[in-house]
Amino acid sequence: MSKAPSELHHLAEIETIEKLKSQLKDLAHFEILGHSEEGSLQLPVYKISFGSTDPKAPVLGFIGGVHGLERIGSQVCLALLSSLSHLILWDKNTQKNLENLRVFFIPTVNPIGILKRRRSNPNGVDIMRNAPVEAEGKIPFLLGGHRISSRLPWFRGLNPQMEAETRFLVEGVKSEIANSPAAVTVDFHSGFGWQDQIWFPYARTREPLPDLPYLHAFFSLMENTYPHHFYKIETQAYLTHGDVWDYLYDDHRQCRPGKGIYLPFCLEMGSWNWVKKNPLQLLNWEGPFNPIKYHRQKRILRRHNTLFDFLIRAVSSYQGWTDLSEEEKLKHESRGRSIWYEEKK
Ligand SMILES: [Zn+2]
C-alpha cells in the first residue's frame with residue numbers, strides 16, 4: 001500500500017525553515033521559489049533573505065541540498081541560517097552590518113532528492129550538470145555529465161529548458177545579485193576528497209576566470225586574516241558540463257559587464273575522512289556522503305563558523321578586495337595564475 005501524501009511531506013529540513021519563519025516574523029523575508037514535484041508529492045523550495053532590500057547592496061548567499069544525498073550540505077546551510085537568526089536578535093554588529101548587507105539562504109534546492117536520499121531531482125537529472133554550459137577539453141566519462149540515461153548518475157537531462165529545481169536556484173540567485181556591486185555565494189556539497197575544498201569557476205574549462213584579480217585579492221584577505229584555515233582553494237578537480245555556477249557567473253558578467261563582481265564558490269566537504277574514521281558507514285546508503293556518527297555530525301555543523309564570519313565581513317567591506325588599482329590588479333592576476341593555473345600544468 002502506498003503511503004498517504006501527508007506522511008511523505010515530512011522533511012525535517014523544511015520543518016526547520018518553517019519553524020524559523022514563525023519565530024523570525026518580519027526580521028527575515030521568506031519566499032517559496034517554486035515546488036519540486038514527483039507524482040502527488042510536492043515540496044517547497046524556500047529562499048530566506050536577511051538585511052538590506054536595496055538592489056545595490058552587497059550580497060552573500062548560502063545554498064544547500066542541490067544533491068539530495070549530500071544531506072549534510074543542507075544541514076550546514078541550516079546551521080548557519082539558525083546562527084544568523086539568533087545573531088540578528090541580540091548582536092548590534094550583525095544588526096548594523098545588515099543595514100547595508102543582504103544575506104540569503106536556499107538550503108533545500110532539491111527537497112525530494114533529500115527526502116528520498118537521491119543525488120538527482122525527481123526526473124533523474126543532476127542539477128549540477130543541467131545548466132546550458134558545454135565544457136571544453138577532456139571531460140571525464142559519465143562524471144563530467146552525459147545524456148545517456150537518467151538511470152545513471154550525472155545525467156544532464158534531455159530537455160532544452162533547465163529542470164524546475166535548477167530554474168528555482170538560478171532565478172533565486174539572480175534576483176538577489178543582479179544589481180549588486182559585490183556578491184559571493186557558497187554552495188555546500190560533500191562526497192569528494194580528503195580535505196574541505198573551496199572550488200571557484202570554472203568547472204567547464206581550465207582557463208582562468210576573468211575576475212581572477214578580485215578572486216585572488218579576496219582569498220589574500222582570507223589567508224592574511226585566518227592563516228591557519230584548513231580549506232584547499234582551487235578550481236573544481238575535474239571538468240564538467242552544465243555547471244550551474246559557471247552559468248550564473250557568465251550570465252552575471254554578460255548582463256552587467258564591468259559592473260558588479262560575483263564570485264560563486266562550492267564548498268566540497270572532504271567526506272573521505274569521515275569514511276576513513278568509520279569505514280562501517282559505507283554499508284549505509286548515505287555513508288559516503290555524510291558524517292553518520294552524532295559527534296562527527298556536530299563537528300561538521302560548527303566547522304564552518306569562522307568561514308561564515310569571514311564572509312560576512314569580506315562581503316560587507318567588499319571595497320577591500322574590489323577597489324583595486326591597475327597595478328594591484330596585475331599583481332593579483334599574476335599571483336593567481338601562478339598559484340592556481342601554472343603550477344598545475
Ligand atoms: Zn554534490
# chains A, B, ... in the order shown; residues from 1 in each chain; ligands from 1
call {"tool": "select_by_dssp", "arguments": {"residues": "stretch 125-247 of chain A", "states": "strand (DSSP E)", "output": "MDAnalysis selection string"}}
result
chainID A and resid 182:190 197:200 232:235
call {"tool": "residues_near_ligand", "arguments": {"ligand": "ligand 1", "cutoff": "8 Å", "atoms": "only C-alpha atoms and all ligand atoms", "output": "VMD selection string"}}
result
chain A and resid 66 to 67 70 119 128 188 to 191 268
call {"tool": "write_last_selection", "arguments": {"atoms": "N, CA, C and O atoms", "output": "PDB file, in the first residue's frame"}}
result
ATOM      1  N   VAL A  66      21.536  20.750  -3.160  1.00  0.00           N
ATOM      2  CA  VAL A  66      21.463  20.592  -4.618  1.00  0.00           C
ATOM      3  C   VAL A  66      21.494  19.100  -4.946  1.00  0.00           C
ATOM      4  O   VAL A  66      20.709  18.607  -5.759  1.00  0.00           O
ATOM      5  N   HIS A  67      22.399  18.385  -4.299  1.00  0.00           N
ATOM      6  CA  HIS A  67      22.442  16.923  -4.399  1.00  0.00           C
ATOM      7  C   HIS A  67      21.793  16.367  -3.126  1.00  0.00           C
ATOM      8  O   HIS A  67      22.364  16.466  -2.037  1.00  0.00           O
ATOM      9  N   GLU A  70      23.557  14.359  -0.411  1.00  0.00           N
ATOM     10  CA  GLU A  70      24.576  15.043   0.400  1.00  0.00           C
ATOM     11  C   GLU A  70      23.861  15.921   1.432  1.00  0.00           C
ATOM     12  O   GLU A  70      23.983  17.136   1.446  1.00  0.00           O
ATOM     13  N   ARG A 119      20.730  11.710  -5.316  1.00  0.00           N
ATOM     14  CA  ARG A 119      21.549  12.824  -5.789  1.00  0.00           C
ATOM     15  C   ARG A 119      20.743  13.733  -6.726  1.00  0.00           C
ATOM     16  O   ARG A 119      20.776  14.951  -6.626  1.00  0.00           O
ATOM     17  N   MET A 128      23.586  19.900 -10.923  1.00  0.00           N
ATOM     18  CA  MET A 128      24.916  20.478 -11.201  1.00  0.00           C
ATOM     19  C   MET A 128      25.455  20.116 -12.586  1.00  0.00           C
ATOM     20  O   MET A 128      26.601  20.415 -12.906  1.00  0.00           O
ATOM     21  N   PHE A 188      27.061  24.242  -0.627  1.00  0.00           N
ATOM     22  CA  PHE A 188      27.674  23.172   0.173  1.00  0.00           C
ATOM     23  C   PHE A 188      27.433  21.782  -0.426  1.00  0.00           C
ATOM     24  O   PHE A 188      26.279  21.393  -0.651  1.00  0.00           O
ATOM     25  N   HIS A 189      28.532  21.074  -0.642  1.00  0.00           N
ATOM     26  CA  HIS A 189      28.479  19.697  -1.161  1.00  0.00           C
ATOM     27  C   HIS A 189      29.363  18.791  -0.321  1.00  0.00           C
ATOM     28  O   HIS A 189      30.178  19.264   0.473  1.00  0.00           O
ATOM     29  N   SER A 190      29.225  17.464  -0.554  1.00  0.00           N
ATOM     30  CA  SER A 190      30.103  16.512   0.129  1.00  0.00           C
ATOM     31  C   SER A 190      30.236  15.280  -0.756  1.00  0.00           C
ATOM     32  O   SER A 190      29.458  15.081  -1.682  1.00  0.00           O
ATOM     33  N   GLY A 191      31.235  14.452  -0.458  1.00  0.00           N
ATOM     34  CA  GLY A 191      31.349  13.192  -1.202  1.00  0.00           C
ATOM     35  C   GLY A 191      32.607  13.077  -2.021  1.00  0.00           C
ATOM     36  O   GLY A 191      32.814  12.079  -2.710  1.00  0.00           O
ATOM     37  N   GLU A 268      33.201  21.897  -1.111  1.00  0.00           N
ATOM     38  CA  GLU A 268      33.131  20.437  -1.200  1.00  0.00           C
ATOM     39  C   GLU A 268      33.743  19.877   0.082  1.00  0.00           C
ATOM     40  O   GLU A 268      34.949  19.926   0.274  1.00  0.00           O
TER      41      GLU A 268
END
call {"tool": "atom_distance", "arguments": {"atom1": "atom CA of A:Pro291", "atom2": "atom CA of A:Pro279"}}
result
11.1 Å
call {"tool": "residues_around", "arguments": {"residues": "A:Leu78", "least_positions_apart": "6", "cutoff": "9 Å", "atoms": "only C-alpha atoms", "output": "VMD selection string"}}
result
chain A and resid 13 16 to 17 64 105 107
call {"tool": "select_by_dssp", "arguments": {"residues": "stretch 139-243 of chain A", "states": "helix (DSSP H, G or I)", "output": "JSON, numbers by chain"}}
result
{"A": [164, 165, 166, 167, 168, 169, 170, 171, 172, 173, 174, 175, 176, 177, 212, 213, 214, 215, 216, 217, 218, 219, 220, 221, 222, 223, 224, 225]}
call {"tool": "residues_around", "arguments": {"residues": "stretch 166-173 of chain A", "least_positions_apart": "3", "cutoff": "9 Å", "atoms": "only C-alpha atoms", "output": "PDB file with N, CA and C atoms, in the first residue's frame"}}
result
ATOM      1  N   LEU A  33      10.326  29.700  -3.876  1.00  0.00           N
ATOM      2  CA  LEU A  33      10.765  29.900  -5.266  1.00  0.00           C
ATOM      3  C   LEU A  33       9.961  29.029  -6.223  1.00  0.00           C
ATOM      4  N   GLY A  34       9.398  27.954  -5.703  1.00  0.00           N
ATOM      5  CA  GLY A  34       8.613  27.027  -6.509  1.00  0.00           C
ATOM      6  C   GLY A  34       8.500  25.723  -5.753  1.00  0.00           C
ATOM      7  N   HIS A  35       7.849  24.743  -6.374  1.00  0.00           N
ATOM      8  CA  HIS A  35       7.704  23.438  -5.731  1.00  0.00           C
ATOM      9  C   HIS A  35       8.381  22.364  -6.568  1.00  0.00           C
ATOM     10  N   VAL A  45      10.581  24.925  -2.331  1.00  0.00           N
ATOM     11  CA  VAL A  45      11.991  25.339  -2.299  1.00  0.00           C
ATOM     12  C   VAL A  45      12.002  26.768  -1.750  1.00  0.00           C
ATOM     13  N   LYS A  47      13.523  30.359  -0.153  1.00  0.00           N
ATOM     14  CA  LYS A  47      14.651  31.290  -0.075  1.00  0.00           C
ATOM     15  C   LYS A  47      14.379  32.208   1.114  1.00  0.00           C
ATOM     16  N   GLY A  61      25.313  34.767  -0.206  1.00  0.00           N
ATOM     17  CA  GLY A  61      24.292  33.714  -0.275  1.00  0.00           C
ATOM     18  C   GLY A  61      24.839  32.340   0.100  1.00  0.00           C
ATOM     19  N   ILE A  63      23.843  28.126  -0.139  1.00  0.00           N
ATOM     20  CA  ILE A  63      22.973  27.191  -0.850  1.00  0.00           C
ATOM     21  C   ILE A  63      23.290  25.770  -0.378  1.00  0.00           C
ATOM     22  N   VAL A  66      21.536  20.750  -3.160  1.00  0.00           N
ATOM     23  CA  VAL A  66      21.463  20.592  -4.618  1.00  0.00           C
ATOM     24  C   VAL A  66      21.494  19.100  -4.946  1.00  0.00           C
ATOM     25  N   PHE A 104      21.337  35.809   2.033  1.00  0.00           N
ATOM     26  CA  PHE A 104      20.208  34.930   1.714  1.00  0.00           C
ATOM     27  C   PHE A 104      20.626  33.455   1.767  1.00  0.00           C
ATOM     28  N   ILE A 106      19.325  29.435   0.393  1.00  0.00           N
ATOM     29  CA  ILE A 106      18.421  28.480  -0.287  1.00  0.00           C
ATOM     30  C   ILE A 106      18.901  27.097   0.188  1.00  0.00           C
ATOM     31  N   VAL A 109      17.580  23.003  -2.141  1.00  0.00           N
ATOM     32  CA  VAL A 109      17.295  23.200  -3.568  1.00  0.00           C
ATOM     33  C   VAL A 109      16.543  21.998  -4.148  1.00  0.00           C
ATOM     34  N   ASN A 110      16.899  20.820  -3.679  1.00  0.00           N
ATOM     35  CA  ASN A 110      16.336  19.581  -4.234  1.00  0.00           C
ATOM     36  C   ASN A 110      15.667  18.785  -3.107  1.00  0.00           C
ATOM     37  N   ILE A 127      21.315  18.371 -10.958  1.00  0.00           N
ATOM     38  CA  ILE A 127      21.167  19.831 -11.069  1.00  0.00           C
ATOM     39  C   ILE A 127      22.505  20.501 -11.387  1.00  0.00           C
ATOM     40  N   MET A 128      23.586  19.900 -10.923  1.00  0.00           N
ATOM     41  CA  MET A 128      24.916  20.478 -11.201  1.00  0.00           C
ATOM     42  C   MET A 128      25.455  20.116 -12.586  1.00  0.00           C
ATOM     43  N   ASN A 130      23.049  20.446 -15.262  1.00  0.00           N
ATOM     44  CA  ASN A 130      21.823  20.732 -16.004  1.00  0.00           C
ATOM     45  C   ASN A 130      21.788  22.115 -16.657  1.00  0.00           C
ATOM     46  N   ALA A 131      22.754  22.979 -16.369  1.00  0.00           N
ATOM     47  CA  ALA A 131      22.727  24.322 -16.960  1.00  0.00           C
ATOM     48  C   ALA A 131      23.237  24.257 -18.410  1.00  0.00           C
ATOM     49  N   GLN A 161      15.100  23.179 -21.887  1.00  0.00           N
ATOM     50  CA  GLN A 161      14.974  24.055 -20.708  1.00  0.00           C
ATOM     51  C   GLN A 161      15.613  23.380 -19.492  1.00  0.00           C
ATOM     52  N   MET A 162      16.000  24.220 -18.571  1.00  0.00           N
ATOM     53  CA  MET A 162      16.533  23.671 -17.334  1.00  0.00           C
ATOM     54  C   MET A 162      15.389  23.046 -16.517  1.00  0.00           C
ATOM     55  N   GLU A 163      15.734  22.105 -15.663  1.00  0.00           N
ATOM     56  CA  GLU A 163      14.766  21.475 -14.757  1.00  0.00           C
ATOM     57  C   GLU A 163      14.201  22.521 -13.783  1.00  0.00           C
ATOM     58  N   GLU A 176      18.669  38.104  -6.348  1.00  0.00           N
ATOM     59  CA  GLU A 176      19.388  38.711  -5.223  1.00  0.00           C
ATOM     60  C   GLU A 176      20.600  39.514  -5.680  1.00  0.00           C
ATOM     61  N   ILE A 177      21.303  39.007  -6.709  1.00  0.00           N
ATOM     62  CA  ILE A 177      22.617  39.592  -7.022  1.00  0.00           C
ATOM     63  C   ILE A 177      22.618  40.533  -8.221  1.00  0.00           C
ATOM     64  N   ALA A 178      21.508  40.601  -8.969  1.00  0.00           N
ATOM     65  CA  ALA A 178      21.507  41.280 -10.277  1.00  0.00           C
ATOM     66  C   ALA A 178      22.184  42.648 -10.277  1.00  0.00           C
ATOM     67  N   THR A 185      28.534  33.710  -3.277  1.00  0.00           N
ATOM     68  CA  THR A 185      27.653  32.627  -2.825  1.00  0.00           C
ATOM     69  C   THR A 185      28.504  31.388  -2.529  1.00  0.00           C
ATOM     70  N   VAL A 244      26.063  24.824 -12.878  1.00  0.00           N
ATOM     71  CA  VAL A 244      25.113  25.921 -12.683  1.00  0.00           C
ATOM     72  C   VAL A 244      25.825  27.196 -12.212  1.00  0.00           C
ATOM     73  N   TRP A 245      26.952  27.048 -11.519  1.00  0.00           N
ATOM     74  CA  TRP A 245      27.684  28.236 -11.040  1.00  0.00           C
ATOM     75  C   TRP A 245      28.484  28.870 -12.162  1.00  0.00           C
ATOM     76  N   TYR A 247      27.399  28.883 -15.146  1.00  0.00           N
ATOM     77  CA  TYR A 247      26.313  29.547 -15.880  1.00  0.00           C
ATOM     78  C   TYR A 247      25.965  30.884 -15.229  1.00  0.00           C
ATOM     79  N   LEU A 248      25.764  30.880 -13.926  1.00  0.00           N
ATOM     80  CA  LEU A 248      25.382  32.112 -13.223  1.00  0.00           C
ATOM     81  C   LEU A 248      26.514  33.144 -13.268  1.00  0.00           C
TER      82      LEU A 248
END
call {"tool": "atom_distance", "arguments": {"atom1": "atom CA of A:Asp250", "atom2": "atom CA of A:Tyr262"}}
result
9.5 Å
call {"tool": "closest_residue", "arguments": {"among": "A:Ile114, A:Ile261, A:Leu221, A:Ile14", "to": "A:Leu311", "atoms": "only C-alpha atoms"}}
result
A:Leu221
call {"tool": "residues_around", "arguments": {"residues": "A:His332", "least_positions_apart": "2", "cutoff": "7 Å", "atoms": "only C-alpha atoms", "output": "list of chain:residue names"}}
result
A:Pro213, A:His216, A:Ala217, A:Glu328, A:Lys329, A:Leu330, A:Ser334, A:Arg335, A:Gly336
call {"tool": "write_last_selection", "arguments": {"atoms": "all heavy atoms", "output": "compact mmCIF listing (two decimals), in the first residue's frame"}}
result
# COMPACT_ATOMS: atom_id res chain seq x y z
N PRO A 213 41.81 38.63 -10.72
CA PRO A 213 42.43 39.58 -9.77
C PRO A 213 41.60 39.75 -8.49
O PRO A 213 42.14 39.76 -7.39
CB PRO A 213 42.49 40.89 -10.54
CG PRO A 213 42.45 40.49 -11.98
CD PRO A 213 41.62 39.24 -12.05
N HIS A 216 41.70 36.52 -6.36
CA HIS A 216 42.95 36.39 -5.61
C HIS A 216 43.01 37.40 -4.47
O HIS A 216 43.48 37.08 -3.37
CB HIS A 216 44.17 36.53 -6.54
CG HIS A 216 45.44 36.27 -5.81
ND1 HIS A 216 46.20 37.27 -5.25
CD2 HIS A 216 46.06 35.11 -5.50
CE1 HIS A 216 47.23 36.73 -4.63
NE2 HIS A 216 47.18 35.42 -4.76
N ALA A 217 42.53 38.60 -4.72
CA ALA A 217 42.51 39.62 -3.66
C ALA A 217 41.61 39.15 -2.51
O ALA A 217 41.95 39.32 -1.33
CB ALA A 217 42.02 40.95 -4.22
N GLU A 328 47.62 46.91 -8.78
CA GLU A 328 47.21 45.82 -7.88
C GLU A 328 46.52 44.69 -8.66
O GLU A 328 46.72 43.52 -8.38
CB GLU A 328 46.26 46.35 -6.81
CG GLU A 328 46.96 47.18 -5.75
CD GLU A 328 45.98 47.94 -4.85
OE1 GLU A 328 44.91 48.40 -5.34
OE2 GLU A 328 46.29 48.08 -3.67
N LYS A 329 45.73 45.09 -9.64
CA LYS A 329 45.05 44.07 -10.45
C LYS A 329 46.07 43.16 -11.14
O LYS A 329 45.93 41.94 -11.13
CB LYS A 329 44.19 44.74 -11.53
CG LYS A 329 42.76 44.98 -11.10
CD LYS A 329 41.93 45.29 -12.32
CE LYS A 329 40.99 46.43 -12.01
NZ LYS A 329 40.32 46.99 -13.17
N LEU A 330 47.10 43.78 -11.72
CA LEU A 330 48.13 42.99 -12.41
C LEU A 330 48.85 42.06 -11.43
O LEU A 330 49.11 40.90 -11.74
CB LEU A 330 49.15 43.93 -13.08
CG LEU A 330 48.64 44.65 -14.33
CD1 LEU A 330 49.65 45.70 -14.79
CD2 LEU A 330 48.37 43.65 -15.46
N SER A 334 48.65 37.99 -11.69
CA SER A 334 49.86 37.21 -11.87
C SER A 334 50.02 36.18 -10.73
O SER A 334 50.35 35.02 -10.97
CB SER A 334 51.04 38.19 -11.99
OG SER A 334 52.16 37.68 -11.37
N ARG A 335 49.74 36.58 -9.50
CA ARG A 335 49.85 35.62 -8.38
C ARG A 335 48.80 34.52 -8.51
O ARG A 335 49.08 33.36 -8.25
CB ARG A 335 49.71 36.34 -7.05
CG ARG A 335 50.94 37.18 -6.79
CD ARG A 335 51.02 37.64 -5.36
NE ARG A 335 52.16 38.52 -5.20
CZ ARG A 335 52.28 39.41 -4.23
NH1 ARG A 335 51.35 39.53 -3.32
NH2 ARG A 335 53.35 40.18 -4.15
N GLY A 336 47.60 34.91 -8.88
CA GLY A 336 46.52 33.93 -9.05
C GLY A 336 46.87 32.90 -10.11
O GLY A 336 46.70 31.70 -9.92
call {"tool": "closest_atom_pairs", "arguments": {"of": "stretch 194-215 of chain A", "to": "stretch 231-237 of chain A", "cutoff": "10 Å", "atoms": "only C-alpha atoms", "output": "JSON lines"}}
result
{"residue": "A:Gln195", "atom": "CA", "partner": "A:Lys232", "partner_atom": "CA", "distance": 7.0}
{"residue": "A:Asp196", "atom": "CA", "partner": "A:Tyr231", "partner_atom": "CA", "distance": 5.3}
{"residue": "A:Gln197", "atom": "CA", "partner": "A:Lys232", "partner_atom": "CA", "distance": 4.6}
{"residue": "A:Ile198", "atom": "CA", "partner": "A:Ile233", "partner_atom": "CA", "distance": 4.8}
{"residue": "A:Trp199", "atom": "CA", "partner": "A:Thr235", "partner_atom": "CA", "distance": 4.7}
{"residue": "A:Phe200", "atom": "CA", "partner": "A:Thr235", "partner_atom": "CA", "distance": 5.0}
{"residue": "A:Pro201", "atom": "CA", "partner": "A:Thr235", "partner_atom": "CA", "distance": 6.0}
{"residue": "A:Tyr202", "atom": "CA", "partner": "A:Thr235", "partner_atom": "CA", "distance": 6.3}
{"residue": "A:Ala203", "atom": "CA", "partner": "A:Gln236", "partner_atom": "CA", "distance": 5.6}
{"residue": "A:Arg204", "atom": "CA", "partner": "A:Gln236", "partner_atom": "CA", "distance": 9.1}
{"residue": "A:Thr205", "atom": "CA", "partner": "A:Thr235", "partner_atom": "CA", "distance": 9.5}
{"residue": "A:Arg206", "atom": "CA", "partner": "A:Thr235", "partner_atom": "CA", "distance": 8.2}
{"residue": "A:Glu207", "atom": "CA", "partner": "A:Thr235", "partner_atom": "CA", "distance": 10.0}
{"residue": "A:Pro208", "atom": "CA", "partner": "A:Thr235", "partner_atom": "CA", "distance": 9.1}
{"residue": "A:Leu209", "atom": "CA", "partner": "A:Thr235", "partner_atom": "CA", "distance": 9.8}
call {"tool": "write_last_selection", "arguments": {"atoms": "N, CA, C and O atoms", "output": "short mmCIF file (atom, residue, chain, number, x, y, z; two decimals), in the first residue's frame"}}
result
data_model
loop_
_atom_site.label_atom_id
_atom_site.label_comp_id
_atom_site.auth_asym_id
_atom_site.auth_seq_id
_atom_site.Cartn_x
_atom_site.Cartn_y
_atom_site.Cartn_z
N GLN A 195 39.92 16.62 2.07
CA GLN A 195 40.04 17.92 2.71
C GLN A 195 38.86 18.79 2.27
O GLN A 195 38.31 18.56 1.20
N ASP A 196 38.49 19.78 3.10
CA ASP A 196 37.45 20.71 2.67
C ASP A 196 38.01 21.61 1.57
O ASP A 196 39.01 22.28 1.77
N GLN A 197 37.33 21.60 0.44
CA GLN A 197 37.83 22.36 -0.70
C GLN A 197 36.85 23.46 -1.07
O GLN A 197 35.65 23.23 -1.09
N ILE A 198 37.38 24.63 -1.38
CA ILE A 198 36.54 25.71 -1.91
C ILE A 198 36.86 25.80 -3.40
O ILE A 198 37.99 26.11 -3.78
N TRP A 199 35.87 25.47 -4.20
CA TRP A 199 36.05 25.48 -5.65
C TRP A 199 35.44 26.76 -6.22
O TRP A 199 34.34 27.15 -5.86
N PHE A 200 36.20 27.38 -7.14
CA PHE A 200 35.69 28.58 -7.82
C PHE A 200 35.59 28.30 -9.31
O PHE A 200 36.18 27.34 -9.80
N PRO A 201 34.87 29.14 -10.08
CA PRO A 201 34.75 28.88 -11.52
C PRO A 201 36.14 28.96 -12.19
O PRO A 201 36.98 29.73 -11.73
N TYR A 202 36.37 28.20 -13.25
CA TYR A 202 35.34 27.49 -13.97
C TYR A 202 35.38 25.97 -13.73
O TYR A 202 36.46 25.44 -13.48
N ALA A 203 34.23 25.31 -13.93
CA ALA A 203 34.22 23.85 -13.99
C ALA A 203 34.25 23.40 -15.44
O ALA A 203 34.51 22.24 -15.73
N ARG A 204 34.00 24.33 -16.37
CA ARG A 204 33.89 23.93 -17.77
C ARG A 204 35.21 24.04 -18.53
O ARG A 204 35.34 23.56 -19.65
N THR A 205 36.20 24.72 -17.97
CA THR A 205 37.46 24.92 -18.68
C THR A 205 38.59 25.10 -17.68
O THR A 205 38.34 25.45 -16.51
N ARG A 206 39.81 24.88 -18.12
CA ARG A 206 40.97 25.12 -17.26
C ARG A 206 41.47 26.56 -17.40
O ARG A 206 42.45 26.93 -16.77
N GLU A 207 40.82 27.35 -18.24
CA GLU A 207 41.22 28.76 -18.41
C GLU A 207 40.81 29.55 -17.17
O GLU A 207 39.77 29.28 -16.56
N PRO A 208 41.60 30.56 -16.81
CA PRO A 208 41.24 31.37 -15.63
C PRO A 208 39.96 32.17 -15.85
O PRO A 208 39.65 32.55 -16.98
N LEU A 209 39.26 32.42 -14.77
CA LEU A 209 38.05 33.26 -14.87
C LEU A 209 38.47 34.72 -15.03
O LEU A 209 39.53 35.13 -14.52
#
call {"tool": "atom_distance", "arguments": {"atom1": "atom CA of A:Leu20", "atom2": "atom CA of A:Tyr46"}}
result
11.8 Å
call {"tool": "closest_residue", "arguments": {"among": "A:Leu158, A:Leu24, A:Val103, A:Leu11", "to": "A:Thr53", "atoms": "only C-alpha atoms"}}
result
A:Val103
